[in-house]
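Okay, start-v3.txt is below, compact mmCIF, C-alpha atoms:
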```txt
# COMPACT_ATOMS: atom_id res chain seq x y z
CA MET A 385 162.78 62.32 66.32
CA LYS A 386 161.60 63.98 63.09
CA ILE A 387 160.14 60.66 61.96
CA LEU A 388 158.19 60.27 65.20
CA ILE A 389 156.84 63.82 64.93
CA ILE A 390 155.71 63.17 61.36
CA PHE A 391 154.03 59.96 62.45
CA LEU A 392 152.15 61.64 65.29
CA LEU A 393 151.01 64.44 63.00
CA LEU A 394 149.87 61.89 60.43
CA ALA A 395 147.99 59.91 63.07
CA GLY A 396 146.32 63.10 64.26
CA PHE A 397 145.41 63.98 60.69
CA ILE A 398 143.68 60.62 60.17
CA SER A 399 141.75 60.86 63.43
CA ALA A 400 140.68 64.43 62.74
CA GLN A 401 139.45 63.86 59.19
CA ASP A 402 135.82 62.83 58.67
CA PHE A 403 136.17 61.93 54.94
CA GLY A 404 132.46 62.84 54.66
CA PHE A 405 131.42 60.50 57.47
CA GLY A 406 130.85 62.95 60.34
CA ASP A 407 132.67 65.47 62.48
CA PHE A 408 135.74 64.90 64.69
CA GLU A 409 133.78 63.95 67.83
CA SER A 410 131.79 61.26 66.05
CA GLY A 411 134.53 60.21 63.65
CA PRO A 412 135.97 56.72 63.34
CA ALA A 413 137.89 55.28 66.28
CA LEU A 414 141.67 55.46 66.03
CA ASN A 415 143.84 52.47 67.00
CA VAL A 416 147.55 53.15 67.44
CA SER A 417 149.99 50.27 67.87
CA ILE A 418 153.74 49.88 68.28
CA ASN A 419 155.60 46.62 67.82
CA GLY A 420 159.01 45.49 66.76
CA GLU A 421 161.94 43.19 67.26
CA VAL A 422 165.36 43.41 68.90
CA THR A 423 168.09 41.05 67.68
CA ALA A 424 171.62 40.30 68.83
CA SER A 425 173.62 38.28 66.32
CA ALA A 426 177.19 37.37 65.49
CA ILE A 427 178.61 36.03 62.21
CA GLY A 428 181.92 34.21 62.07
CA TYR A 429 183.67 33.33 58.82
CA PHE A 430 185.67 30.12 58.61
CA ASP A 431 188.61 31.71 56.84
CA GLU A 432 189.05 34.02 59.85
CA PHE A 433 189.02 31.29 62.49
CA SER A 434 192.72 30.58 61.91
CA THR A 435 193.71 34.24 62.21
CA GLU A 436 194.50 36.16 65.35
CA TYR A 437 191.37 36.68 67.43
CA ASP A 438 191.84 40.46 67.49
CA GLN A 439 191.49 40.47 63.67
CA MET A 440 188.12 38.73 63.55
CA SER A 441 184.94 40.64 62.78
CA LEU A 442 181.59 39.41 64.11
CA GLY A 443 179.37 41.90 62.30
CA ASP A 444 177.25 44.70 63.75
CA PHE A 445 175.93 42.46 66.56
CA PHE A 446 172.79 44.54 67.19
CA SER A 447 169.80 45.21 64.95
CA GLY A 448 166.18 45.97 65.49
CA ARG A 449 162.86 47.04 64.03
CA LEU A 450 160.22 49.44 65.26
CA ASN A 451 156.80 49.42 63.59
CA PHE A 452 154.22 52.16 64.16
CA SER A 453 150.66 52.07 62.84
CA ALA A 454 147.59 54.25 63.22
CA ARG A 455 144.40 52.60 61.97
CA THR A 456 140.78 53.50 61.48
CA SER A 457 138.07 51.87 59.38
CA LEU A 458 138.97 54.41 56.67
CA ALA A 459 142.75 54.42 56.54
CA ASP A 460 146.06 53.08 57.85
CA ALA A 461 149.23 55.08 58.43
CA ILE A 462 152.32 52.90 58.63
CA ILE A 463 155.92 53.72 59.55
CA ASN A 464 158.41 50.86 59.97
CA LEU A 465 161.96 51.65 61.04
CA ASN A 466 165.17 49.65 60.85
CA LEU A 467 167.65 50.08 63.69
CA ASN A 468 171.33 49.36 63.06
CA PRO A 469 174.63 50.62 64.44
CA GLY A 470 176.75 52.76 62.17
CA ALA A 471 176.56 56.14 60.51
CA SER A 472 172.78 55.89 59.98
CA PRO A 473 171.46 54.03 63.03
CA VAL A 474 167.80 54.65 62.08
CA SER A 475 166.43 54.15 58.57
CA ILE A 476 162.95 53.89 57.11
CA ASP A 477 161.93 50.42 56.01
CA GLU A 478 158.39 51.36 54.92
CA ALA A 479 156.25 54.49 55.37
CA TYR A 480 152.91 54.93 53.64
CA LEU A 481 149.26 55.95 53.93
CA HIS A 482 146.61 53.40 52.90
CA VAL A 483 143.04 54.68 52.37
CA TYR A 484 139.93 52.50 51.84
CA PHE A 485 136.79 53.35 49.88
CA SER A 486 134.55 50.28 49.93
CA SER A 487 135.91 47.95 47.20
CA PHE A 488 138.58 50.45 46.16
CA ASP A 489 141.75 51.27 48.09
CA ILE A 490 144.80 53.41 47.38
CA ALA A 491 148.20 53.65 49.07
CA ALA A 492 151.03 56.13 48.65
CA GLY A 493 154.51 56.21 50.14
CA LEU A 494 157.50 53.91 50.62
CA ARG A 495 156.21 50.36 50.17
CA LYS A 496 157.17 46.76 49.50
CA VAL A 497 154.76 45.01 47.14
CA THR A 498 154.94 41.35 46.12
CA TRP A 499 153.67 40.20 42.74
CA GLY A 500 153.54 36.54 41.73
CA ARG A 501 153.01 33.42 43.85
CA ALA A 502 156.47 31.87 44.21
CA ASP A 503 157.70 31.13 47.75
CA ALA A 504 161.28 31.93 46.78
CA LEU A 505 162.08 34.85 44.50
CA GLY A 506 160.16 34.34 41.25
CA PRO A 507 160.32 36.02 37.82
CA LEU A 508 157.14 38.06 38.43
CA ASP A 509 158.32 39.67 41.69
CA VAL A 510 159.81 42.73 39.95
CA ILE A 511 158.53 45.68 41.99
CA ASN A 512 161.18 46.13 44.69
CA PRO A 513 164.96 45.85 44.35
CA LEU A 514 166.85 43.52 46.68
CA ASN A 515 169.56 44.11 49.23
CA ALA A 516 171.74 41.50 47.55
CA SER A 517 174.83 42.51 49.56
CA GLU A 518 173.73 40.44 52.59
CA ILE A 519 171.11 38.09 51.17
CA TYR A 520 172.72 34.80 52.26
CA THR A 521 173.43 35.72 55.88
CA LEU A 522 169.83 36.94 56.21
CA MET A 523 168.36 33.83 54.54
CA SER A 524 170.32 31.40 56.72
CA ASP A 525 167.94 31.74 59.70
CA SER A 526 164.89 33.43 58.15
CA GLN A 527 162.55 32.59 55.28
CA ASN A 528 160.98 36.04 55.27
CA LEU A 529 162.06 37.44 51.91
CA ASN A 530 160.49 40.79 52.72
CA THR A 531 163.51 41.64 54.87
CA ILE A 532 165.83 41.73 51.83
CA LYS A 533 163.55 43.97 49.76
CA ILE A 534 164.13 47.71 49.47
CA ALA A 535 160.98 49.84 49.73
CA ARG A 536 160.31 52.28 46.90
CA PRO A 537 158.12 55.39 46.68
CA MET A 538 154.98 54.46 44.78
CA LEU A 539 151.31 55.03 44.23
CA HIS A 540 149.43 51.74 44.47
CA ALA A 541 145.69 51.23 43.93
CA SER A 542 143.45 48.17 43.77
CA TYR A 543 139.81 47.39 43.12
CA ARG A 544 138.04 44.20 44.26
CA PHE A 545 134.99 42.87 42.46
CA GLY A 546 133.10 39.66 42.92
CA GLN A 547 134.27 37.36 45.70
CA PHE A 548 137.73 36.50 44.45
CA SER A 549 138.78 38.97 41.74
CA ARG A 550 141.10 41.96 42.06
CA ILE A 551 142.80 44.40 39.72
CA GLU A 552 145.68 46.55 40.90
CA GLY A 553 147.99 49.11 39.38
CA LEU A 554 151.07 50.97 40.55
CA PHE A 555 153.26 53.89 39.55
CA ILE A 556 156.88 54.30 40.68
CA PRO A 557 158.38 57.72 39.83
CA SER A 558 162.07 56.68 39.92
CA PHE A 559 164.39 53.68 39.89
CA VAL A 560 166.85 51.93 42.19
CA PRO A 561 168.80 48.81 41.12
CA HIS A 562 169.63 45.80 43.26
CA ASN A 563 172.07 46.70 46.00
CA PHE A 564 175.09 44.62 45.00
CA ALA A 565 178.17 44.85 47.20
CA ARG A 566 180.92 46.72 45.35
CA GLU A 567 183.70 46.08 47.82
CA GLY A 568 184.56 43.82 50.72
CA ARG A 569 183.85 40.14 51.30
CA TRP A 570 180.50 40.01 49.51
CA ILE A 571 181.51 41.93 46.38
CA ASP A 572 179.62 40.57 43.38
CA SER A 573 181.73 39.38 40.45
CA ARG A 574 179.77 41.63 38.10
CA MET A 575 180.68 44.64 40.24
CA GLU A 576 184.28 43.46 40.48
CA MET A 577 184.41 43.40 36.70
CA LEU A 578 183.45 47.08 36.65
CA ASN A 579 186.04 47.91 39.31
CA LEU A 580 188.78 46.28 37.26
CA ALA A 581 187.91 48.33 34.17
CA ALA A 582 190.40 51.08 33.49
CA GLY A 583 189.17 54.66 33.34
CA GLY A 584 186.15 56.12 35.04
CA VAL A 585 182.82 54.42 35.74
CA ILE A 586 179.91 56.75 34.99
CA GLU A 587 176.61 56.03 36.73
CA PRO A 588 173.32 57.63 35.65
CA ASP A 589 171.03 59.64 37.90
CA THR A 590 168.02 57.32 38.20
CA SER A 591 166.04 59.53 40.59
CA THR A 592 164.33 61.45 37.79
CA ILE A 593 160.94 60.87 36.18
CA ASP A 594 162.79 59.60 33.12
CA TYR A 595 163.19 56.34 35.09
CA LEU A 596 159.52 55.92 35.98
CA GLN A 597 157.98 52.45 36.17
CA MET A 598 154.40 51.21 36.15
CA GLY A 599 152.43 48.01 36.18
CA LEU A 600 148.98 46.42 36.10
CA ARG A 601 147.94 43.07 37.62
CA PHE A 602 144.72 41.04 37.65
CA THR A 603 144.10 38.05 39.96
CA THR A 604 141.12 35.75 40.38
CA THR A 605 140.12 32.27 41.54
CA ILE A 606 138.41 29.80 39.20
CA ALA A 607 137.42 26.26 40.21
CA GLY A 608 139.93 26.15 43.05
CA SER A 609 142.79 27.57 40.97
CA ASP A 610 144.37 30.94 41.79
CA LEU A 611 145.27 32.73 38.55
CA GLY A 612 147.06 35.97 37.77
CA ILE A 613 148.14 38.00 34.76
CA GLN A 614 150.32 41.10 34.85
CA TYR A 615 152.09 43.71 32.76
CA PHE A 616 155.08 45.68 33.99
CA TYR A 617 157.01 48.47 32.29
CA GLY A 618 160.27 49.14 34.07
CA LEU A 619 164.02 48.63 34.14
CA LEU A 620 166.13 45.55 34.72
CA ARG A 621 167.74 45.64 38.17
CA GLU A 622 171.15 44.40 36.99
CA PRO A 623 173.45 47.02 35.43
CA ALA A 624 174.50 46.88 31.80
CA VAL A 625 177.64 48.64 30.55
CA LYS A 626 178.68 50.52 27.46
CA ILE A 627 182.41 50.64 26.66
CA SER A 628 184.03 53.57 24.87
CA PHE A 629 187.74 54.27 24.40
CA ASP A 630 189.62 57.51 24.98
CA PRO A 631 191.02 58.30 21.51
CA MET A 632 194.27 59.70 22.93
CA PHE A 633 195.16 57.17 25.62
CA MET A 634 193.01 54.27 24.39
CA THR A 635 191.77 53.59 27.92
CA PRO A 636 188.18 52.36 28.27
CA ASN A 637 185.44 54.43 29.88
CA VAL A 638 182.59 52.47 31.36
CA ASP A 639 179.06 53.88 31.28
CA ILE A 640 176.59 52.04 33.51
CA LEU A 641 173.14 51.66 31.96
CA TYR A 642 169.83 50.24 33.15
CA ASN A 643 167.82 48.68 30.35
CA ARG A 644 164.12 49.28 29.78
CA PHE A 645 161.93 46.21 29.42
CA HIS A 646 158.30 45.14 29.10
CA GLN A 647 157.15 42.12 31.05
CA ILE A 648 154.02 40.07 30.42
CA GLY A 649 153.50 37.41 33.08
CA LEU A 650 151.14 34.63 34.14
CA ASP A 651 150.95 32.82 37.47
CA TYR A 652 149.01 29.88 38.86
CA ALA A 653 148.54 28.17 42.23
CA GLN A 654 146.47 25.14 43.25
CA ASP A 655 146.43 22.24 45.67
CA LEU A 656 147.05 19.18 43.48
CA PHE A 657 147.03 15.73 45.12
CA GLY A 658 148.34 17.16 48.39
CA PHE A 659 150.99 19.32 46.70
CA ASN A 660 150.59 23.09 47.19
CA THR A 661 151.70 23.94 43.66
CA ARG A 662 152.82 27.34 42.32
CA ALA A 663 153.97 28.33 38.83
CA GLU A 664 155.02 31.54 37.07
CA LEU A 665 155.86 32.35 33.44
CA SER A 666 157.08 35.65 31.99
CA ALA A 667 158.16 37.11 28.66
CA ASN A 668 160.67 39.95 29.12
CA ILE A 669 161.15 42.16 26.09
CA THR A 670 164.13 44.54 25.99
CA GLU A 671 165.17 46.97 23.24
CA ASP A 672 167.74 44.55 21.81
CA LEU A 673 165.36 42.76 19.47
CA GLU A 674 168.20 41.43 17.31
CA GLY A 675 170.47 40.33 20.15
CA ASP A 676 173.59 42.11 18.87
CA ASP A 677 173.69 45.20 21.12
CA GLY A 678 176.30 44.48 23.78
CA ALA A 679 175.06 47.27 26.06
CA VAL A 680 171.50 45.88 26.23
CA TYR A 681 170.40 42.57 27.70
CA ASN A 682 168.71 40.24 25.21
CA PRO A 683 164.99 39.49 25.56
CA PHE A 684 164.39 36.38 27.66
CA ILE A 685 161.76 33.96 28.89
CA ALA A 686 161.65 33.09 32.59
CA TRP A 687 159.63 30.53 34.53
CA SER A 688 159.40 28.99 37.99
CA LEU A 689 157.65 25.90 39.30
CA GLY A 690 157.43 25.01 42.98
CA PHE A 691 155.49 23.17 45.64
CA ASP A 692 155.46 22.35 49.33
CA ARG A 693 154.24 19.13 50.90
CA ASP A 694 154.31 17.32 54.22
CA LEU A 695 156.27 14.09 53.86
CA ILE A 696 156.70 11.30 56.39
CA MET A 697 157.47 11.72 60.11
CA GLY A 698 156.43 15.37 60.14
CA ILE A 699 159.05 16.44 57.59
CA ASN A 700 158.04 19.29 55.26
CA LEU A 701 159.58 19.83 51.82
CA ASN A 702 159.52 23.14 49.97
CA PHE A 703 160.96 23.00 46.45
CA GLN A 704 161.26 25.47 43.57
CA ALA A 705 162.92 25.37 40.14
CA ASP A 706 163.67 28.63 38.28
CA GLN A 707 165.03 29.13 34.80
CA SER A 708 165.64 31.98 32.37
CA ILE A 709 166.18 31.36 28.65
CA ARG A 710 167.94 34.01 26.58
CA LEU A 711 166.61 34.75 23.10
CA PHE A 712 168.99 35.44 20.15
CA HIS A 713 171.77 33.81 22.16
CA ASP A 714 173.90 33.16 19.06
CA MET A 715 174.21 36.93 18.46
CA LEU A 716 176.15 37.62 21.69
CA GLY A 717 179.50 39.38 21.52
CA SER A 718 182.65 38.90 23.58
CA ASP A 719 183.13 38.97 27.36
CA ASP A 720 186.51 40.76 26.93
CA PHE A 721 186.47 44.48 27.76
CA LEU A 722 189.21 45.21 25.23
CA SER A 723 187.80 43.19 22.34
CA GLY A 724 185.92 46.06 20.72
CA ASN A 725 182.84 43.83 20.67
CA PHE A 726 182.13 43.62 24.40
CA ASP A 727 178.73 42.23 25.37
CA ILE A 728 177.40 42.37 28.95
CA GLU A 729 176.12 38.80 28.48
CA GLY A 730 179.16 37.55 26.60
CA GLY A 731 180.38 34.15 27.75
CA ARG A 732 177.20 33.31 29.64
CA PRO A 733 175.24 30.12 28.88
CA LEU A 734 171.93 30.08 27.03
CA THR A 735 169.99 29.22 30.18
CA ASN A 736 170.32 29.99 33.87
CA THR A 737 168.70 27.32 36.06
CA ARG A 738 168.47 27.20 39.84
CA LEU A 739 166.95 24.66 42.18
CA SER A 740 165.93 25.70 45.70
CA ALA A 741 164.85 23.25 48.38
CA SER A 742 164.17 23.34 52.10
CA LEU A 743 163.53 20.39 54.43
CA SER A 744 162.22 21.13 57.93
CA ARG A 745 161.02 19.19 60.96
CA LYS A 746 159.59 20.54 64.22
CA PHE A 747 159.91 18.98 67.68
CA MET A 748 158.96 19.73 71.29
CA ARG A 749 155.45 21.01 70.53
CA ASP A 750 156.82 23.00 67.59
CA GLU A 751 159.27 24.96 69.76
CA LEU A 752 162.35 23.42 68.11
CA GLU A 753 162.87 23.36 64.35
CA LEU A 754 165.59 21.65 62.33
CA ARG A 755 165.93 23.01 58.82
CA ALA A 756 168.27 22.44 55.89
CA SER A 757 168.04 24.65 52.81
CA ALA A 758 170.02 24.51 49.58
CA ILE A 759 170.31 26.47 46.35
CA ILE A 760 171.97 24.80 43.36
CA GLY A 761 173.10 26.55 40.17
CA ILE A 762 172.87 24.00 37.34
CA GLU A 763 174.85 25.74 34.59
CA ASP A 764 177.24 27.39 37.06
CA ARG A 765 177.79 24.05 38.86
CA ASP A 766 177.78 25.67 42.28
CA PHE A 767 175.65 25.63 45.42
CA ILE A 768 175.04 26.86 48.93
CA ILE A 769 173.80 24.72 51.83
CA MET A 770 172.24 26.48 54.83
CA PRO A 771 171.50 24.32 57.90
CA ALA A 772 169.67 25.88 60.86
CA LEU A 773 168.61 24.99 64.38
CA ILE A 774 165.84 27.30 65.60
CA TRP A 775 164.27 27.34 69.06
CA SER A 776 161.37 29.67 69.81
CA ARG A 777 159.03 30.16 72.73
CA GLU A 778 156.43 32.91 72.72
CA ALA A 779 158.29 36.09 71.67
CA LEU A 780 161.82 34.71 72.12
CA LYS A 781 163.80 33.08 69.32
CA PHE A 782 167.29 31.55 69.24
CA ALA A 783 168.90 30.41 65.99
CA LEU A 784 172.17 28.71 65.10
CA SER A 785 172.69 28.63 61.33
CA GLY A 786 175.36 28.59 58.68
CA GLY A 787 176.13 28.91 55.01
CA PHE A 788 178.49 26.63 53.07
CA PHE A 789 179.37 27.37 49.44
CA GLY A 790 180.73 24.89 46.92
CA GLY A 791 181.28 24.24 43.22
CA GLU A 792 182.93 26.24 40.48
CA ARG A 793 184.50 29.51 41.63
CA ASP A 794 183.28 31.50 38.60
CA GLY A 795 179.58 30.81 39.38
CA LEU A 796 177.25 33.31 41.02
CA LEU A 797 177.27 31.16 44.19
CA GLY A 798 180.73 29.64 43.80
CA GLN A 799 182.33 33.09 43.80
CA TYR A 800 181.76 33.08 47.58
CA LEU A 801 183.73 29.88 48.28
CA ASP A 802 185.78 31.76 50.89
CA ASN A 803 182.67 33.06 52.69
CA ASN A 804 181.52 29.97 54.59
CA PHE A 805 180.02 31.23 57.82
CA LEU A 806 178.31 30.43 61.11
CA LYS A 807 175.66 32.70 62.59
CA VAL A 808 174.23 32.86 66.11
CA SER A 809 171.23 35.09 66.79
CA LEU A 810 168.86 35.81 69.67
CA SER A 811 165.76 37.91 69.05
CA TYR A 812 162.78 39.15 71.02
CA SER A 813 159.55 40.35 69.41
CA PHE A 814 157.15 42.72 71.16
```

Please rewrite the model in this file as structure tokens.
Amino acid sequence: MKILIIFLLLAGFISAQDFGFGDFESGPALNVSINGEVTASAIGYFDEFSTEYDQMSLGDFFSGRLNFSARTSLADAIINLNLNPGASPVSIDEAYLHVYFSSFDIAAGLRKVTWGRADALGPLDVINPLNASEIYTLMSDSQNLNTIKIARPMLHASYRFGQFSRIEGLFIPSFVPHNFAREGRWIDSRMEMLNLAAGGVIEPDTSTIDYLQMGLRFTTTIAGSDLGIQYFYGLLREPAVKISFDPMFMTPNVDILYNRFHQIGLDYAQDLFGFNTRAELSANITEDLEGDDGAVYNPFIAWSLGFDRDLIMGINLNFQADQSIRLFHDMLGSDDFLSGNFDIEGGRPLTNTRLSASLSRKFMRDELELRASAIIGIEDRDFIIMPALIWSREALKFALSGGFFGGERDGLLGQYLDNNFLKVSLSYSF
């Protein structure tokens, strides 16, 4: 109720302000809209199918979204809500005010901003953390990556000049890491490692201005090529750890750290011989410039290359390759907590390469879609395959999908070998 009251007050504020363009009676027209989605879904895990039925869990079953907007020619006020059962049934997905001044615009509030051009998650998309605790069940029947992003409070401004050029900057006053599961079925192996450490785990308070982040990005179009260059000063979303030992009991204490880094990135997109091609390249510079500080991630280079293309018989292929290359790899320490030379990257390979592909075909006047997606970890020798059958008509959508993990159990995907699942969902948009 408080959120709705704030929204109505904000809408009234926009409609009442003249911003130097006249009084209230002759001010800009206000358009208010409400839309959203209601979804019923159930997730069943294969390792539970052989158990007693009264011990199976099918998830939260209900979820929804409510989106409110108040728009004039001068400004937008946006509040998007997530609806879920549980202790906090209503949460804010995004909430911000966006004001326009000719070629210049500025937005402030909780936002999700995408940088880079990759269809899947690319190395330049560093603004918002991810809800990694449920990424695979969400991806099985949806290709909208915005749903797994976590909005952050920010000030975002952009200026357009010429026909195709734009420069934008943003300021984020605090920091939130990726939301990795720390318990339960989807616990991440990196979080499990911290749980197994003896002694206390000390997490920093990242809500202060000491954890501010900022960035600048320029995009333009030249001779049919979309080009971008960006700089970002922020913190890596994966936790690092510093190990210290209690001198009396010799038990380790684990301090969680989030490493500062500078990123310089380039991106490119163009239609080449019928291939909608996209590429990104970034240099990520941390404070470990010699590679021997176990509590700081080494500097690394990251790139992605992808395309989509219509093949034969109406089949569409979307493909992307991603790789990160660690610098000063030979200076890494041990992956053993008790070694006295523990390194957060100890035991990891020089490179981390992933291939993502999706094949889709539509039938029945595009109402029925068959889709098969896969992600393959090259060095980890693991994978996930996500088939989906999706039927939609007007605002109604039915989806039957699944996720099947395979490969080495110590890989980032293979760690979920016991989490093969089927998902059924029915949604209505309004």

Neighbours of A:Glu763 within 12 Å (all atoms listed in the file; same-chain residues fewer than 2 positions away dropped), as a PDB file with C-alpha atoms, in the frame of the given file?
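Saved result, selection-v4.pdb, follows:
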```pdb
ATOM      1  CA  GLN A 707     165.030  29.130  34.800  1.00  0.00           C
ATOM      2  CA  SER A 708     165.640  31.980  32.370  1.00  0.00           C
ATOM      3  CA  ILE A 709     166.180  31.360  28.650  1.00  0.00           C
ATOM      4  CA  ARG A 732     177.200  33.310  29.640  1.00  0.00           C
ATOM      5  CA  PRO A 733     175.240  30.120  28.880  1.00  0.00           C
ATOM      6  CA  LEU A 734     171.930  30.080  27.030  1.00  0.00           C
ATOM      7  CA  THR A 735     169.990  29.220  30.180  1.00  0.00           C
ATOM      8  CA  ASN A 736     170.320  29.990  33.870  1.00  0.00           C
ATOM      9  CA  THR A 737     168.700  27.320  36.060  1.00  0.00           C
ATOM     10  CA  ARG A 738     168.470  27.200  39.840  1.00  0.00           C
ATOM     11  CA  LEU A 739     166.950  24.660  42.180  1.00  0.00           C
ATOM     12  CA  ILE A 760     171.970  24.800  43.360  1.00  0.00           C
ATOM     13  CA  GLY A 761     173.100  26.550  40.170  1.00  0.00           C
ATOM     14  CA  ARG A 765     177.790  24.050  38.860  1.00  0.00           C
ATOM     15  CA  ASP A 766     177.780  25.670  42.280  1.00  0.00           C
ATOM     16  CA  PHE A 767     175.650  25.630  45.420  1.00  0.00           C
ATOM     17  CA  GLY A 791     181.280  24.240  43.220  1.00  0.00           C
ATOM     18  CA  GLU A 792     182.930  26.240  40.480  1.00  0.00           C
ATOM     19  CA  ASP A 794     183.280  31.500  38.600  1.00  0.00           C
ATOM     20  CA  GLY A 795     179.580  30.810  39.380  1.00  0.00           C
ATOM     21  CA  LEU A 796     177.250  33.310  41.020  1.00  0.00           C
ATOM     22  CA  LEU A 797     177.270  31.160  44.190  1.00  0.00           C
ATOM     23  CA  GLY A 798     180.730  29.640  43.800  1.00  0.00           C
TER      24      GLY A 798
END
```

> Using all atoms listed in the file, which residue out of A:Asp489, A:Glu478, A:Asp719, A:Glu778 lies closest to A:Ala541?
Replying inline: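 Among the listed residues, A:Asp489 lies closest to A:Ala541.
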
> Nearest to A:Phe564: which of A:Ala516, A:Leu596, A:Ala504, A:Ala741 is it, counting all atoms listed in the file?
Replying inline: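 So, comparing all the options, the nearest one is A:Ala516.
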
Please enclose the listed atoms of stretch 728-745 of chain A in an axis-aligned box, pad each side by 3 Å, and write out the centre and the three edge lengths in Å, rounded to one decimal, as lines of an AutoDock Vina configuration file.
```
center_x = 170.7
center_y = 30.8
center_z = 43.8
size_x = 25.4
size_y = 29.2
size_z = 40.4
```

>> Just to confirm, what's the straight-line distance from atom CA of A:Ser453 to atom CA of A:His482 in Å (one decimal)?
In response: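 Spanning atom CA of A:Ser453 to atom CA of A:His482 is a straight-line distance of 10.8 Å.
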
>> Measuring between only C-alpha atoms, which one of A:Ser524, A:Asn512, A:Ser688, A:Thr603 shows the shortest distance to A:Ile769?
In response: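 Closest residue, counting only C-alpha atoms: A:Ser524.
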
>> Residues near A:Val510, anyone? I mean within 10 Å using only C-alpha atoms, not counting same-chain ones fewer than 6 positions away, as a ChimeraX atom specification.
In response: /A:497-500,599,616-621,647

Since we have the selection now, will you write its residues out, keeping C-alpha atoms, as a PDB file, in the frame of the given file?
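And here is the file that came out, again-v9.pdb:
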```
ATOM      1  CA  VAL A 497     154.760  45.010  47.140  1.00  0.00           C
ATOM      2  CA  THR A 498     154.940  41.350  46.120  1.00  0.00           C
ATOM      3  CA  TRP A 499     153.670  40.200  42.740  1.00  0.00           C
ATOM      4  CA  GLY A 500     153.540  36.540  41.730  1.00  0.00           C
ATOM      5  CA  GLY A 599     152.430  48.010  36.180  1.00  0.00           C
ATOM      6  CA  PHE A 616     155.080  45.680  33.990  1.00  0.00           C
ATOM      7  CA  TYR A 617     157.010  48.470  32.290  1.00  0.00           C
ATOM      8  CA  GLY A 618     160.270  49.140  34.070  1.00  0.00           C
ATOM      9  CA  LEU A 619     164.020  48.630  34.140  1.00  0.00           C
ATOM     10  CA  LEU A 620     166.130  45.550  34.720  1.00  0.00           C
ATOM     11  CA  ARG A 621     167.740  45.640  38.170  1.00  0.00           C
ATOM     12  CA  GLN A 647     157.150  42.120  31.050  1.00  0.00           C
TER      13      GLN A 647
END
```

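Shortest atom-to-atom contact with A:Val808 among A:Gln704, A:Asp525, A:Asn466, A:Asp750: A:Asp525, counting only C-alpha atoms.
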
Can you tell me, as a PDB file with C-alpha atoms, in the frame of the given file, what residues are no more than 8 Å from A:Leu514 when counting all atoms listed in the file, ignoring any on the same chain fewer than 2 positions away?
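After the write, part-v1.pdb holds the following:
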```pdb
ATOM      1  CA  ASN A 512     161.180  46.130  44.690  1.00  0.00           C
ATOM      2  CA  ALA A 516     171.740  41.500  47.550  1.00  0.00           C
ATOM      3  CA  ILE A 532     165.830  41.730  51.830  1.00  0.00           C
ATOM      4  CA  LYS A 533     163.550  43.970  49.760  1.00  0.00           C
ATOM      5  CA  ILE A 534     164.130  47.710  49.470  1.00  0.00           C
ATOM      6  CA  PRO A 561     168.800  48.810  41.120  1.00  0.00           C
ATOM      7  CA  HIS A 562     169.630  45.800  43.260  1.00  0.00           C
ATOM      8  CA  ASN A 563     172.070  46.700  46.000  1.00  0.00           C
TER       9      ASN A 563
END
```

> How many Å separate atom CA of A:Ser486 from atom CA of A:Met538?
Replying inline: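 So the answer is 21.5 Å.
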
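Across A:Pro623, A:Gly553, A:Gly649, A:Gly786, the tightest approach to A:Trp687 is made by A:Gly649 when counting only C-alpha atoms.
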